[in-house]
>>> print(open('coords_19.txt').read())   # compact mmCIF, C-alpha atoms
# COMPACT_ATOMS: atom_id res chain seq x y z
CA MET U 778 0.00 0.00 0.00
CA ASP U 779 1.66 3.26 -1.09
CA GLY U 780 -0.68 5.58 0.80
CA HIS U 781 -1.71 7.41 -2.37
CA GLN U 782 -4.83 5.36 -3.03
CA PRO U 783 -7.38 3.36 -1.02
CA PRO U 784 -7.90 -0.31 -1.83
CA ALA U 785 -9.92 -1.40 -4.85
CA GLN U 786 -9.90 2.05 -6.45
CA ARG U 787 -7.47 1.54 -9.36
CA ALA U 788 -7.74 -1.13 -12.03
CA ALA U 789 -4.42 -2.65 -13.06
CA GLY U 790 -2.97 -1.34 -16.31
CA THR U 791 -5.33 1.63 -16.71
CA THR U 792 -4.18 5.24 -17.12
CA ARG U 793 -7.61 6.78 -16.51
CA ARG U 794 -7.75 9.19 -13.59
CA VAL U 795 -9.54 7.84 -10.53
CA ARG U 796 -12.10 10.05 -8.78
CA LEU U 797 -12.60 9.60 -5.05
CA ARG U 798 -15.58 11.10 -3.21
CA PHE U 799 -15.66 12.23 0.42
CA ASP U 800 -19.10 13.12 1.76
CA GLY U 801 -19.52 15.02 5.00
CA TRP U 802 -18.80 18.36 6.67
CA ILE U 803 -15.94 20.85 6.89
CA ALA U 804 -15.79 23.25 9.85
CA GLY U 805 -13.48 26.26 9.78
CA ILE U 806 -12.77 28.23 12.95
CA GLY U 807 -10.47 31.09 13.88
CA THR U 808 -9.40 31.97 17.41
CA SER U 809 -8.20 35.17 19.04
CA SER U 810 -4.81 33.51 19.68
CA GLY U 811 -4.24 33.35 15.92
CA THR U 812 -4.62 29.57 15.67
CA ARG U 813 -7.05 28.46 12.97
CA VAL U 814 -8.63 24.99 12.93
CA VAL U 815 -10.27 23.08 10.06
CA VAL U 816 -12.17 19.91 10.94
CA GLY U 817 -13.20 17.36 8.32
CA HIS U 818 -15.95 14.96 9.39
CA TRP U 819 -16.53 12.29 6.73
CA PRO U 820 -19.23 9.66 7.40
CA ALA U 821 -18.79 8.37 3.83
CA SER U 822 -15.40 8.05 2.12
CA PRO U 823 -13.23 5.49 0.28
CA PHE U 824 -11.54 4.88 3.65
CA GLY U 825 -14.79 4.42 5.55
CA PRO U 826 -16.03 6.94 8.14
CA PHE U 827 -13.32 9.15 9.62
CA SER U 828 -12.55 12.65 10.88
CA ASP U 829 -9.35 14.66 10.64
CA VAL U 830 -8.05 18.00 11.88
CA MET U 831 -5.86 20.56 10.13
CA LEU U 832 -4.44 23.25 12.39
CA GLU U 833 -2.37 26.32 11.59
CA ARG U 834 -0.69 28.23 14.39
CA ALA U 835 -0.19 31.99 14.52
CA ASP U 836 3.43 31.52 13.42
CA GLY U 837 2.26 29.69 10.26
CA ARG U 838 3.17 26.16 11.31
CA ARG U 839 0.69 23.68 9.81
CA LEU U 840 -0.29 20.42 11.48
CA LEU U 841 -2.38 17.46 10.32
CA MET U 842 -3.95 15.08 12.84
CA ALA U 843 -5.35 11.94 11.19
CA PRO U 844 -6.72 8.72 12.69
CA SER U 845 -4.63 6.18 10.73
CA PRO U 846 -1.35 6.01 8.79
CA GLN U 847 -3.27 5.33 5.55
CA ILE U 848 -5.44 8.44 5.90
CA ALA U 849 -2.48 10.52 7.04
CA ARG U 850 -0.49 9.54 3.92
CA PHE U 851 -3.40 10.30 1.60
CA VAL U 852 -4.22 13.70 3.11
CA ALA U 853 -0.54 14.70 3.34
CA ALA U 854 -0.12 13.79 -0.35
CA THR U 855 -3.01 16.14 -1.20
CA TYR U 856 -2.32 19.11 1.11
CA VAL U 857 0.78 20.73 2.63
CA PHE U 858 1.81 20.38 6.29
CA ASP U 859 4.86 20.97 8.42
CA ASP U 860 3.95 18.14 10.78
CA VAL U 861 1.74 15.05 10.50
CA ARG U 862 0.54 13.09 13.51
CA VAL U 863 -1.44 9.86 13.63
CA VAL U 864 -3.75 10.15 16.64
CA PRO U 865 -7.34 9.22 17.50
CA VAL U 866 -9.70 11.89 16.16
CA ARG U 867 -13.24 11.89 17.52
CA VAL U 868 -16.16 14.09 16.52
CA GLN U 869 -19.47 14.07 18.37
CA VAL U 870 -22.46 16.04 17.10
CA ALA U 871 -25.54 16.63 19.23
CA GLY U 872 -27.97 18.98 17.55
CA GLY U 873 -25.96 22.10 16.85
CA GLU U 874 -23.19 21.30 19.35
CA TRP U 875 -19.93 19.76 18.11
CA THR U 876 -17.15 18.28 20.25
CA VAL U 877 -13.82 17.46 18.62
CA THR U 878 -10.92 15.73 20.35
CA ALA U 879 -7.57 14.91 18.74
CA ALA U 880 -4.61 14.20 21.01
CA SER U 881 -3.93 17.47 22.87
CA LEU U 882 -6.64 19.41 21.01
CA THR U 883 -10.13 19.83 22.43
CA LEU U 884 -12.59 21.94 20.46
CA ARG U 885 -16.24 22.65 21.16
CA PHE U 886 -18.44 24.84 19.01
CA VAL U 887 -22.08 25.67 18.38
CA THR U 888 -23.73 26.27 15.02
CA GLY U 889 -26.49 28.79 14.41
CA ARG U 890 -29.48 28.83 12.13
CA ARG U 891 -29.15 28.35 8.40
CA GLY U 892 -28.71 31.72 6.72
CA PHE U 893 -29.49 32.95 3.22
CA LEU U 894 -26.48 31.25 1.66
CA GLY U 895 -27.30 27.99 3.39
CA HIS U 896 -30.85 28.09 2.03
CA LEU U 897 -29.50 28.94 -1.42
CA LEU U 898 -27.10 26.00 -1.39
CA GLY U 899 -29.82 23.68 -0.10
CA ALA U 900 -32.09 24.61 -3.00
CA VAL U 901 -29.73 22.93 -5.49
CA PRO U 902 -30.59 19.23 -5.99
CA PRO U 903 -27.84 17.07 -4.38
CA ALA U 904 -27.36 15.10 -7.60
CA LEU U 905 -26.31 18.38 -9.25
CA ALA U 906 -24.57 20.07 -6.32
CA THR U 907 -22.13 17.19 -5.83
CA ARG U 908 -20.97 17.04 -9.46
CA PRO U 909 -17.53 18.47 -10.33
CA ALA U 910 -19.09 20.20 -13.33
CA TRP U 911 -21.35 22.20 -10.99
CA ALA U 912 -18.42 23.14 -8.75
CA THR U 913 -16.66 24.40 -11.87
CA ALA U 914 -19.71 26.41 -12.98
CA VAL U 915 -20.12 28.21 -9.64
CA ALA U 916 -16.37 28.78 -9.13
CA PRO U 917 -16.43 32.46 -10.24
CA ALA U 918 -19.23 33.31 -7.78
CA ALA U 919 -17.48 31.41 -4.98
CA ARG U 920 -14.28 33.39 -5.57
CA LEU U 921 -16.20 36.59 -4.85
CA MET U 922 -16.90 35.18 -1.37
CA GLY U 923 -13.25 34.32 -0.80
CA VAL U 924 -13.47 30.56 -1.34
CA ARG U 925 -12.61 28.23 -4.19
CA THR U 926 -14.66 25.26 -5.34
CA ARG U 927 -12.06 23.73 -7.65
CA GLY U 928 -8.30 23.71 -8.03
CA SER U 929 -5.05 21.78 -8.15
CA ALA U 930 -3.67 19.89 -5.19
CA ARG U 931 -0.33 18.18 -4.55
CA ASP U 932 0.90 15.17 -6.51
CA GLY U 933 -0.93 16.29 -9.67
CA ARG U 934 -4.34 15.88 -8.07
CA ARG U 935 -7.46 17.93 -8.82
CA GLU U 936 -10.23 18.76 -6.35
CA TRP U 937 -13.82 19.94 -6.48
CA TYR U 938 -15.95 21.02 -3.52
CA GLY U 939 -19.70 20.59 -3.91
CA ALA U 940 -21.30 22.59 -1.07
CA GLN U 941 -24.87 21.74 -0.14
CA ASP U 942 -25.47 23.66 3.09
CA LEU U 943 -23.80 26.21 5.35
CA ARG U 944 -24.36 27.21 8.95
CA GLY U 945 -22.44 29.87 10.84
CA ILE U 946 -20.60 29.05 14.06
CA THR U 947 -21.81 31.24 16.91
CA ALA U 948 -19.56 30.16 19.79
CA ALA U 949 -16.40 28.11 20.23
CA ALA U 950 -13.85 27.17 22.87
CA ALA U 951 -10.60 25.33 22.24
CA THR U 952 -7.44 24.24 24.02
CA TYR U 953 -4.26 22.88 22.43
CA GLU U 954 -1.34 21.43 24.36
CA GLY U 955 -2.79 22.95 27.53
CA GLU U 956 -3.15 26.42 26.01
CA ASN U 957 -6.49 28.18 25.84
CA LEU U 958 -6.76 29.35 22.24
CA GLY U 959 -9.03 32.24 23.10
CA SER U 960 -12.38 33.39 21.80
CA LEU U 961 -14.01 32.72 18.43
CA ALA U 962 -12.57 34.86 15.62
CA ARG U 963 -12.52 35.08 11.85
CA VAL U 964 -10.38 32.59 9.92
CA GLU U 965 -7.74 35.20 9.12
CA PRO U 966 -5.21 35.06 7.65
CA PRO U 967 -6.52 32.27 5.41
CA VAL U 968 -5.17 28.80 6.16
CA ARG U 969 -2.49 27.52 3.78
CA PHE U 970 -3.03 23.79 3.52
CA GLY U 971 -4.00 23.69 -0.15
CA PHE U 972 -5.27 25.74 -3.07
CA GLY U 973 -8.24 27.17 -1.14
CA SER U 974 -9.34 28.15 2.32
CA THR U 975 -12.50 27.98 4.38
CA PRO U 976 -14.74 31.08 4.45
CA SER U 977 -13.32 33.83 6.64
CA LYS U 978 -16.45 33.77 8.80
CA PRO U 979 -16.43 30.62 10.99
CA CYS U 980 -18.92 28.08 9.65
CA VAL U 981 -19.75 24.46 8.97
CA VAL U 982 -20.26 23.49 5.34
CA ARG U 983 -22.05 20.36 4.18
CA VAL U 984 -19.90 19.23 1.27
CA THR U 985 -18.98 16.47 -1.14
CA THR U 986 -15.30 16.64 -2.03
CA THR U 987 -14.11 14.91 -5.21
CA VAL U 988 -10.41 14.19 -5.65
CA ALA U 989 -9.07 13.15 -9.08
CA MET U 990 -5.75 11.34 -9.05
CA ASP U 991 -3.61 9.17 -11.32
>>> encode(input="coords_19.txt", output="structure tokens")
Amino acid sequence: MDGHQPPAQRAAGTTRRVRLRFDGWIAGIGTSSGTRVVVGHWPASPFGPFSDVMLERADGRRLLMAPSPQIARFVAATYVFDDVRVVPVRVQVAGGEWTVTAASLTLRFVTGRRGFLGHLLGAVPPALATRPAWATAVAPAARLMGVRTRGSARDGRREWYGAQDLRGITAAAATYEGENLGSLARVEPPVRFGFGSTPSKPCVVRVTTTVAMD
């Protein structure tokens, strides 16, 4: 296993690009300490259900926390990090309250009501919203909001983000390595894990991510 592909995804002898789909949620949070946290919660993926955490400190150091070596290799081959750790990552969701634990990180946050953009995204049929062609079509509008729905990743990979819902985050508390990360803040400066960032306003996005790879 080379870590660049999950099992049973590539047929021997073919040169056609493989497309992998990850269905779940991405939460992006800023803190007054300058640390920004991105949580991926994926109930459906080629690796089975999993969650991972990407964290960027105020000094720009980028950390990935993933629950298995296989997932860590795949994510690190797609995005850019200064440090990768394989640790248990747990996400619990109860109504609008999320609890995330990953080694020395504990994060709790609360989501608010669905706003105009969330209703707009939810009005698009899922069969259309999750298609890479749709992510490409809405890319110019997404750029006006400071996010990207398609782009190039590491190792020659391509990505598309098909958003289907969005809820703002109204409150958050986090500690990392015993340090209180402070109050909820905007995700600024943008995180630098890949070609895009989360919205600058903290939120949870319901999304289907498609990754094309050789």
>>> closest_residue(input="coords_19.txt", among="U:Pro917, U:Pro823, U:Gly801, U:Pro909", to="Val982 in chain U", atoms="only C-alpha atoms")
U:Gly801
>>> closest_residue(input="coords_19.txt", among="U:Val814, U:Ala950, U:Ala962, U:Ala940", to="Val924 in chain U", atoms="all atoms listed in the file")
U:Ala940
>>> atom_distance(input="coords_19.txt", atom1="CA of Ala879 in chain U", atom2="CA of Arg838 in chain U")
17.2 Å
>>> residues_around(input="coords_19.txt", residues="Thr812 in chain U", least_positions_apart="5", cutoff="12 Å", atoms="only C-alpha atoms", output="PyMOL selection string")
chain U and resi 805-807+831-840+882+950-953+956-968
>>> closest_residue(input="coords_19.txt", among="U:Ala854, U:Val981, U:Ala821, U:Ala989", to="Gln941 in chain U", atoms="only C-alpha atoms")
U:Val981
>>> closest_residue(input="coords_19.txt", among="U:Arg969, U:Lys978, U:His818, U:Arg944", to="Leu897 in chain U", atoms="all atoms listed in the file")
U:Arg944
>>> atom_distance(input="coords_19.txt", atom1="CA of Gly939 in chain U", atom2="CA of Thr876 in chain U")
24.4 Å
>>> closest_residue(input="coords_19.txt", among="U:Trp819, U:Val877, U:Asp859, U:Ala843", to="Arg798 in chain U", atoms="only C-alpha atoms")
U:Trp819
>>> closest_residue(input="coords_19.txt", among="U:Ala904, U:Val864, U:Ala804, U:Val984", to="Leu884 in chain U", atoms="only C-alpha atoms")
U:Ala804
>>> residues_around(input="coords_19.txt", residues="Ala849 in chain U", least_positions_apart="4", cutoff="12 Å", atoms="only C-alpha atoms", output="PyMOL selection string")
chain U and resi 779-783+824+827-831+840-845+853-858+860-866
>>> atom_distance(input="coords_19.txt", atom1="CA of Thr883 in chain U", atom2="CA of Ala930 in chain U")
28.4 Å
>>> residues_around(input="coords_19.txt", residues="Arg927 in chain U", least_positions_apart="2", cutoff="7 Å", atoms="only C-alpha atoms", output="number ranges by chain")
U: 912-913, 916, 925, 936-938
>>> axis_aligned_box(input="coords_19.txt", around="range 830-844 of chain U", padding_each_side="8 Å", output="JSON")
{"center_x": -2.3, "center_y": 20.4, "center_z": 12.2, "size_x": 27.5, "size_y": 39.3, "size_z": 20.7}
>>> residues_around(input="coords_19.txt", residues="Gly889 in chain U", least_positions_apart="6", cutoff="6 Å", atoms="all atoms listed in the file", output="ChimeraX atom specification")
/U:945-947
